[in-house]
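Participant: Contents of entry-v1.pdb (PDB, C-alpha atoms, pLDDT in the B column) are given next:
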```
ATOM      1  CA  MET A   1      45.849  93.977 147.688  1.00 80.00           C
ATOM      2  CA  LYS A   2      42.427  92.652 146.762  1.00 87.00           C
ATOM      3  CA  HIS A   3      40.519  93.740 143.718  1.00 91.00           C
ATOM      4  CA  LEU A   4      37.080  95.224 144.273  1.00 92.00           C
ATOM      5  CA  TYR A   5      35.372  92.337 142.475  1.00 93.00           C
ATOM      6  CA  GLU A   6      36.979  89.895 144.958  1.00 93.00           C
ATOM      7  CA  THR A   7      35.497  91.875 147.859  1.00 93.00           C
ATOM      8  CA  VAL A   8      32.096  91.850 146.131  1.00 93.00           C
ATOM      9  CA  ALA A   9      32.381  88.088 145.574  1.00 93.00           C
ATOM     10  CA  GLU A  10      33.214  87.594 149.267  1.00 93.00           C
ATOM     11  CA  GLU A  11      30.142  89.650 150.211  1.00 91.00           C
ATOM     12  CA  ILE A  12      27.890  87.502 148.020  1.00 92.00           C
ATOM     13  CA  ALA A  13      29.495  84.303 149.369  1.00 90.00           C
ATOM     14  CA  ALA A  14      28.926  85.517 152.936  1.00 89.00           C
ATOM     15  CA  ARG A  15      25.254  86.132 152.125  1.00 88.00           C
ATOM     16  CA  MET A  16      25.002  82.599 150.713  1.00 88.00           C
ATOM     17  CA  GLU A  17      26.561  81.169 153.901  1.00 86.00           C
ATOM     18  CA  GLN A  18      24.167  83.221 156.067  1.00 85.00           C
ATOM     19  CA  GLY A  19      21.226  81.773 154.140  1.00 84.00           C
ATOM     20  CA  VAL A  20      20.207  85.012 152.429  1.00 87.00           C
ATOM     21  CA  TYR A  21      20.635  83.202 149.114  1.00 88.00           C
ATOM     22  CA  ARG A  22      19.811  79.487 149.219  1.00 87.00           C
ATOM     23  CA  PRO A  23      20.940  76.682 146.873  1.00 88.00           C
ATOM     24  CA  GLY A  24      19.071  76.843 143.571  1.00 88.00           C
ATOM     25  CA  GLU A  25      17.824  80.379 144.209  1.00 90.00           C
ATOM     26  CA  ARG A  26      18.264  83.067 141.544  1.00 92.00           C
ATOM     27  CA  LEU A  27      20.743  85.798 142.450  1.00 93.00           C
ATOM     28  CA  PRO A  28      20.088  89.470 141.677  1.00 92.00           C
ATOM     29  CA  GLY A  29      20.873  90.459 138.105  1.00 92.00           C
ATOM     30  CA  VAL A  30      24.212  92.103 137.350  1.00 92.00           C
ATOM     31  CA  ARG A  31      22.719  95.611 137.048  1.00 93.00           C
ATOM     32  CA  ARG A  32      20.683  95.234 140.209  1.00 93.00           C
ATOM     33  CA  LEU A  33      23.689  93.903 142.148  1.00 92.00           C
ATOM     34  CA  SER A  34      25.819  96.806 140.908  1.00 93.00           C
ATOM     35  CA  GLN A  35      23.181  99.254 142.202  1.00 93.00           C
ATOM     36  CA  GLN A  36      22.802  97.420 145.543  1.00 91.00           C
ATOM     37  CA  LEU A  37      26.542  97.388 146.240  1.00 91.00           C
ATOM     38  CA  ASN A  38      27.294 100.694 144.491  1.00 93.00           C
ATOM     39  CA  VAL A  39      29.840  99.176 142.074  1.00 94.00           C
ATOM     40  CA  SER A  40      30.116  99.127 138.302  1.00 94.00           C
ATOM     41  CA  VAL A  41      28.329  96.517 136.203  1.00 93.00           C
ATOM     42  CA  SER A  42      31.679  95.093 135.091  1.00 94.00           C
ATOM     43  CA  THR A  43      32.771  94.681 138.742  1.00 94.00           C
ATOM     44  CA  ALA A  44      29.534  92.854 139.556  1.00 94.00           C
ATOM     45  CA  LEU A  45      29.964  90.650 136.486  1.00 93.00           C
ATOM     46  CA  GLU A  46      33.571  89.807 137.445  1.00 93.00           C
ATOM     47  CA  ALA A  47      32.429  88.914 140.978  1.00 93.00           C
ATOM     48  CA  TYR A  48      29.832  86.520 139.542  1.00 93.00           C
ATOM     49  CA  ARG A  49      32.439  85.015 137.213  1.00 92.00           C
ATOM     50  CA  LEU A  50      34.813  84.457 140.135  1.00 92.00           C
ATOM     51  CA  LEU A  51      32.075  82.728 142.139  1.00 92.00           C
ATOM     52  CA  GLU A  52      31.206  80.658 139.076  1.00 90.00           C
ATOM     53  CA  ASP A  53      34.847  79.604 138.663  1.00 88.00           C
ATOM     54  CA  GLN A  54      34.864  78.583 142.340  1.00 87.00           C
ATOM     55  CA  GLY A  55      31.770  76.444 141.741  1.00 86.00           C
ATOM     56  CA  ARG A  56      29.615  78.434 144.170  1.00 90.00           C
ATOM     57  CA  ILE A  57      27.141  79.703 141.578  1.00 92.00           C
ATOM     58  CA  GLN A  58      25.927  78.625 138.154  1.00 90.00           C
ATOM     59  CA  ALA A  59      25.242  80.786 135.121  1.00 89.00           C
ATOM     60  CA  ARG A  60      22.189  79.844 133.088  1.00 88.00           C
ATOM     61  CA  ALA A  61      21.824  81.236 129.590  1.00 86.00           C
ATOM     62  CA  ARG A  62      19.248  84.017 129.352  1.00 85.00           C
ATOM     63  CA  SER A  63      18.168  83.368 132.925  1.00 89.00           C
ATOM     64  CA  GLY A  64      20.874  84.737 135.192  1.00 91.00           C
ATOM     65  CA  TYR A  65      23.002  83.414 138.012  1.00 93.00           C
ATOM     66  CA  TYR A  66      21.855  80.837 140.552  1.00 92.00           C
ATOM     67  CA  VAL A  67      23.308  79.658 143.841  1.00 91.00           C
ATOM     68  CA  GLY A  68      25.010  76.310 143.308  1.00 86.00           C
ATOM     69  CA  SER A  69      24.006  73.262 145.256  1.00 76.00           C
ATOM     70  CA  PHE A  70      27.585  72.631 146.335  1.00 58.00           C
ATOM     71  CA  GLN A  71      27.852  71.979 150.059  1.00 56.00           C
ATOM     72  CA  ARG A  72      31.010  71.309 151.965  1.00 55.00           C
ATOM     73  CA  GLN A  73      31.222  67.814 153.372  1.00 55.00           C
ATOM     74  CA  ALA A  74      32.911  67.090 156.647  1.00 60.00           C
ATOM     75  CA  VAL A  75      36.121  65.179 156.063  1.00 67.00           C
ATOM     76  CA  THR A  76      36.726  62.387 158.534  1.00 78.00           C
ATOM     77  CA  GLU A  77      40.198  61.305 159.506  1.00 81.00           C
ATOM     78  CA  PRO A  78      41.063  57.890 158.089  1.00 80.00           C
ATOM     79  CA  GLY A  79      41.506  55.060 160.544  1.00 84.00           C
ATOM     80  CA  MET A  80      44.779  53.279 161.214  1.00 86.00           C
ATOM     81  CA  SER A  81      45.517  50.471 158.809  1.00 85.00           C
ATOM     82  CA  ASP A  82      46.185  46.987 160.074  1.00 85.00           C
ATOM     83  CA  PRO A  83      48.430  45.349 157.491  1.00 82.00           C
ATOM     84  CA  PRO A  84      48.942  41.596 157.701  1.00 80.00           C
ATOM     85  CA  ALA A  85      52.065  40.475 159.520  1.00 84.00           C
ATOM     86  CA  ILE A  86      53.056  38.166 156.664  1.00 86.00           C
ATOM     87  CA  PRO A  87      53.755  39.769 153.264  1.00 83.00           C
ATOM     88  CA  SER A  88      51.430  38.751 150.457  1.00 80.00           C
ATOM     89  CA  ARG A  89      52.311  38.094 146.854  1.00 80.00           C
ATOM     90  CA  VAL A  90      51.402  40.930 144.502  1.00 77.00           C
ATOM     91  CA  THR A  91      51.026  40.315 140.790  1.00 82.00           C
ATOM     92  CA  GLY A  92      51.069  42.940 138.087  1.00 82.00           C
ATOM     93  CA  GLN A  93      47.461  42.197 137.215  1.00 86.00           C
ATOM     94  CA  SER A  94      46.165  42.626 140.780  1.00 84.00           C
ATOM     95  CA  LEU A  95      48.180  45.806 141.221  1.00 83.00           C
ATOM     96  CA  THR A  96      46.775  47.192 137.959  1.00 86.00           C
ATOM     97  CA  ARG A  97      43.230  46.391 139.105  1.00 86.00           C
ATOM     98  CA  GLN A  98      43.848  48.179 142.413  1.00 84.00           C
ATOM     99  CA  ILE A  99      45.195  51.252 140.638  1.00 81.00           C
ATOM    100  CA  LEU A 100      42.279  51.393 138.201  1.00 82.00           C
ATOM    101  CA  ARG A 101      39.770  50.925 141.030  1.00 84.00           C
ATOM    102  CA  ALA A 102      41.440  53.696 143.049  1.00 82.00           C
ATOM    103  CA  ALA A 103      41.454  56.037 140.032  1.00 78.00           C
ATOM    104  CA  LYS A 104      37.651  55.865 139.898  1.00 81.00           C
ATOM    105  CA  ASP A 105      37.221  56.509 143.635  1.00 82.00           C
ATOM    106  CA  PRO A 106      36.000  60.130 144.003  1.00 78.00           C
ATOM    107  CA  TYR A 107      37.396  60.328 147.551  1.00 78.00           C
ATOM    108  CA  GLN A 108      40.981  59.605 146.542  1.00 76.00           C
ATOM    109  CA  VAL A 109      43.370  62.192 145.182  1.00 73.00           C
ATOM    110  CA  ASN A 110      45.875  60.830 142.696  1.00 69.00           C
ATOM    111  CA  LEU A 111      49.096  62.570 143.708  1.00 73.00           C
ATOM    112  CA  GLY A 112      51.033  60.760 140.978  1.00 70.00           C
ATOM    113  CA  SER A 113      49.135  62.477 138.195  1.00 64.00           C
ATOM    114  CA  SER A 114      50.187  65.825 136.822  1.00 69.00           C
ATOM    115  CA  VAL A 115      46.794  66.459 135.215  1.00 69.00           C
ATOM    116  CA  PRO A 116      44.239  68.242 137.414  1.00 70.00           C
ATOM    117  CA  LEU A 117      40.528  67.567 137.236  1.00 72.00           C
ATOM    118  CA  PRO A 118      38.698  69.543 134.533  1.00 76.00           C
ATOM    119  CA  GLU A 119      36.675  71.306 137.254  1.00 79.00           C
ATOM    120  CA  PHE A 120      39.845  73.049 138.450  1.00 80.00           C
ATOM    121  CA  PHE A 121      40.436  74.847 135.151  1.00 83.00           C
ATOM    122  CA  PRO A 122      39.149  78.408 134.866  1.00 86.00           C
ATOM    123  CA  THR A 123      37.322  77.565 131.648  1.00 85.00           C
ATOM    124  CA  ARG A 124      35.603  80.933 131.308  1.00 86.00           C
ATOM    125  CA  ALA A 125      38.904  82.807 131.688  1.00 88.00           C
ATOM    126  CA  LEU A 126      40.626  80.483 129.203  1.00 87.00           C
ATOM    127  CA  GLN A 127      37.761  80.923 126.747  1.00 88.00           C
ATOM    128  CA  GLN A 128      37.932  84.710 127.080  1.00 89.00           C
ATOM    129  CA  ALA A 129      41.706  84.680 126.568  1.00 87.00           C
ATOM    130  CA  ALA A 130      41.392  82.489 123.460  1.00 87.00           C
ATOM    131  CA  ASN A 131      38.634  84.718 122.066  1.00 87.00           C
ATOM    132  CA  SER A 132      40.759  87.792 122.717  1.00 87.00           C
ATOM    133  CA  VAL A 133      43.748  86.299 120.862  1.00 84.00           C
ATOM    134  CA  VAL A 134      41.568  85.303 117.896  1.00 85.00           C
ATOM    135  CA  ARG A 135      39.989  88.788 117.784  1.00 86.00           C
ATOM    136  CA  LEU A 136      43.429  90.423 117.962  1.00 85.00           C
ATOM    137  CA  HIS A 137      45.274  88.213 115.459  1.00 81.00           C
ATOM    138  CA  GLY A 138      42.443  86.755 113.363  1.00 81.00           C
ATOM    139  CA  LYS A 139      43.431  84.233 110.692  1.00 79.00           C
ATOM    140  CA  ARG A 140      47.063  84.476 111.689  1.00 76.00           C
ATOM    141  CA  CYS A 141      46.315  82.257 114.733  1.00 77.00           C
ATOM    142  CA  PHE A 142      45.626  79.319 112.440  1.00 76.00           C
ATOM    143  CA  ASP A 143      48.336  79.802 109.809  1.00 74.00           C
ATOM    144  CA  ALA A 144      51.205  77.327 109.704  1.00 71.00           C
ATOM    145  CA  GLU A 145      54.517  78.947 110.591  1.00 68.00           C
ATOM    146  CA  GLU A 146      57.804  78.632 108.754  1.00 71.00           C
ATOM    147  CA  PRO A 147      59.894  75.555 109.645  1.00 73.00           C
ATOM    148  CA  LEU A 148      62.295  77.733 111.636  1.00 77.00           C
ATOM    149  CA  GLY A 149      59.427  79.322 113.584  1.00 76.00           C
ATOM    150  CA  ASN A 150      57.767  82.704 113.706  1.00 77.00           C
ATOM    151  CA  PRO A 151      60.231  85.322 112.349  1.00 80.00           C
ATOM    152  CA  GLU A 152      58.953  88.020 114.698  1.00 82.00           C
ATOM    153  CA  LEU A 153      59.413  85.756 117.724  1.00 82.00           C
ATOM    154  CA  ARG A 154      62.894  84.765 116.515  1.00 83.00           C
ATOM    155  CA  ARG A 155      63.877  88.457 116.254  1.00 84.00           C
ATOM    156  CA  GLN A 156      62.630  89.116 119.810  1.00 85.00           C
ATOM    157  CA  ILE A 157      64.572  86.126 121.141  1.00 85.00           C
ATOM    158  CA  ALA A 158      67.710  87.311 119.319  1.00 83.00           C
ATOM    159  CA  LYS A 159      67.361  90.816 120.825  1.00 83.00           C
ATOM    160  CA  ARG A 160      66.983  89.352 124.304  1.00 81.00           C
ATOM    161  CA  MET A 161      70.003  87.094 123.804  1.00 81.00           C
ATOM    162  CA  VAL A 162      72.104  90.071 122.661  1.00 78.00           C
ATOM    163  CA  ARG A 163      70.984  92.009 125.735  1.00 76.00           C
ATOM    164  CA  TYR A 164      72.286  89.189 127.950  1.00 71.00           C
ATOM    165  CA  SER A 165      75.589  88.931 126.021  1.00 63.00           C
ATOM    166  CA  ALA A 166      75.081  85.556 124.359  1.00 53.00           C
ATOM    167  CA  PRO A 167      77.639  85.108 121.580  1.00 55.00           C
ATOM    168  CA  PRO A 168      76.049  85.326 118.122  1.00 53.00           C
ATOM    169  CA  GLY A 169      75.418  81.926 116.528  1.00 54.00           C
ATOM    170  CA  ARG A 170      75.877  80.193 119.910  1.00 53.00           C
ATOM    171  CA  THR A 171      72.331  80.422 121.184  1.00 48.00           C
ATOM    172  CA  THR A 172      71.501  76.724 121.187  1.00 50.00           C
ATOM    173  CA  SER A 173      69.541  74.908 123.830  1.00 50.00           C
ATOM    174  CA  SER A 174      71.337  72.655 126.303  1.00 48.00           C
ATOM    175  CA  SER A 175      68.190  70.586 126.840  1.00 45.00           C
ATOM    176  CA  PRO A 176      68.613  66.923 125.811  1.00 46.00           C
ATOM    177  CA  THR A 177      65.081  67.008 124.388  1.00 43.00           C
ATOM    178  CA  ALA A 178      65.841  70.066 122.275  1.00 44.00           C
ATOM    179  CA  ARG A 179      69.134  68.597 121.051  1.00 44.00           C
ATOM    180  CA  GLY A 180      67.498  65.251 120.249  1.00 43.00           C
ATOM    181  CA  THR A 181      64.776  66.874 118.188  1.00 41.00           C
ATOM    182  CA  GLY A 182      67.160  69.308 116.490  1.00 43.00           C
ATOM    183  CA  CYS A 183      65.539  72.366 118.109  1.00 44.00           C
ATOM    184  CA  ALA A 184      67.916  75.294 118.413  1.00 46.00           C
ATOM    185  CA  TRP A 185      67.807  79.069 118.244  1.00 45.00           C
ATOM    186  CA  ARG A 186      70.114  80.391 115.598  1.00 42.00           C
TER     187      ARG A 186
END
```
So, in terms of structure tokens, how does the structure I just supplied come out?

Facilitator:
Amino acid sequence: MKHLYETVAEEIAARMEQGVYRPGERLPGVRRLSQQLNVSVSTALEAYRLLEDQGRIQARARSGYYVGSFQRQAVTEPGMSDPPAIPSRVTGQSLTRQILRAAKDPYQVNLGSSVPLPEFFPTRALQQAANSVVRLHGKRCFDAEEPLGNPELRRQIAKRMVRYSAPPGRTTSSSPTARGTGCAWR
């Protein structure tokens, strides 16, 4: 089931695709949009944030929201390769150069990397979550914990282990990494 703000965001995106709002053009303010679409201000704001996270619009401080200049590019199918019939010698240095060159190519996706591009992170949502945690816990977020870890967290883990019938004193990790670093729940 979709949230209302997602429906509102789709409506705005459809208007952008129809040319009602053009790239670089200022969008209606949050209050005005909420009146136009008969939704709350917070719903309108969430819709704008979703579109901003998708890269469709840009927020400008003390100015409002603007249609982004992002346009979809047609993707062409790559042609068939024609490798040489005779194998060629590959050195470590030439292979390294090829890899580094390919890493800088904006049209190649590195499927061997487990780190996504920074543009894919929902930075606004992460910032809001971090701010919420700091507001809720204050200085405690930055205090160093005891060597055995947070006592409250340890108690919660112990309760959960008891609920699932783990023998007391036998709640150690079977992970080689945890064993190698001496990490265990006791």

Participant: Figure out the distance between atom CA of Met1 of chain A and atom CA of Ser132 of chain A, please, to one decimal in Å.

Facilitator: 26.2 Å

Participant: Report the distance between atom CA of Glu6 of chain A and atom CA of Gln58 of chain A in Å, rounded to one decimal place.

Facilitator: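 It comes out at 17.2 Å.
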
Participant: Would you mind reading off the distance between atom CA of Thr7 of chain A and atom CA of Thr43 of chain A, one decimal, in Å?

Facilitator: 9.9 Å

Participant: As a PyMOL selection string, please: the residues near Pro122 of chain A (cut-off 9 Å, all atoms listed in the file, same-chain neighbours under 4 positions excluded).

Facilitator: chain A and resi 53-54+118+126-127

Participant: If the PyMOL selection byres ((chain A and resi 29-42) around 8) were run on this exact file, what residues would it hold? Put them as number ranges by chain.

Facilitator: A: 8, 27-28, 43-46, 64-65
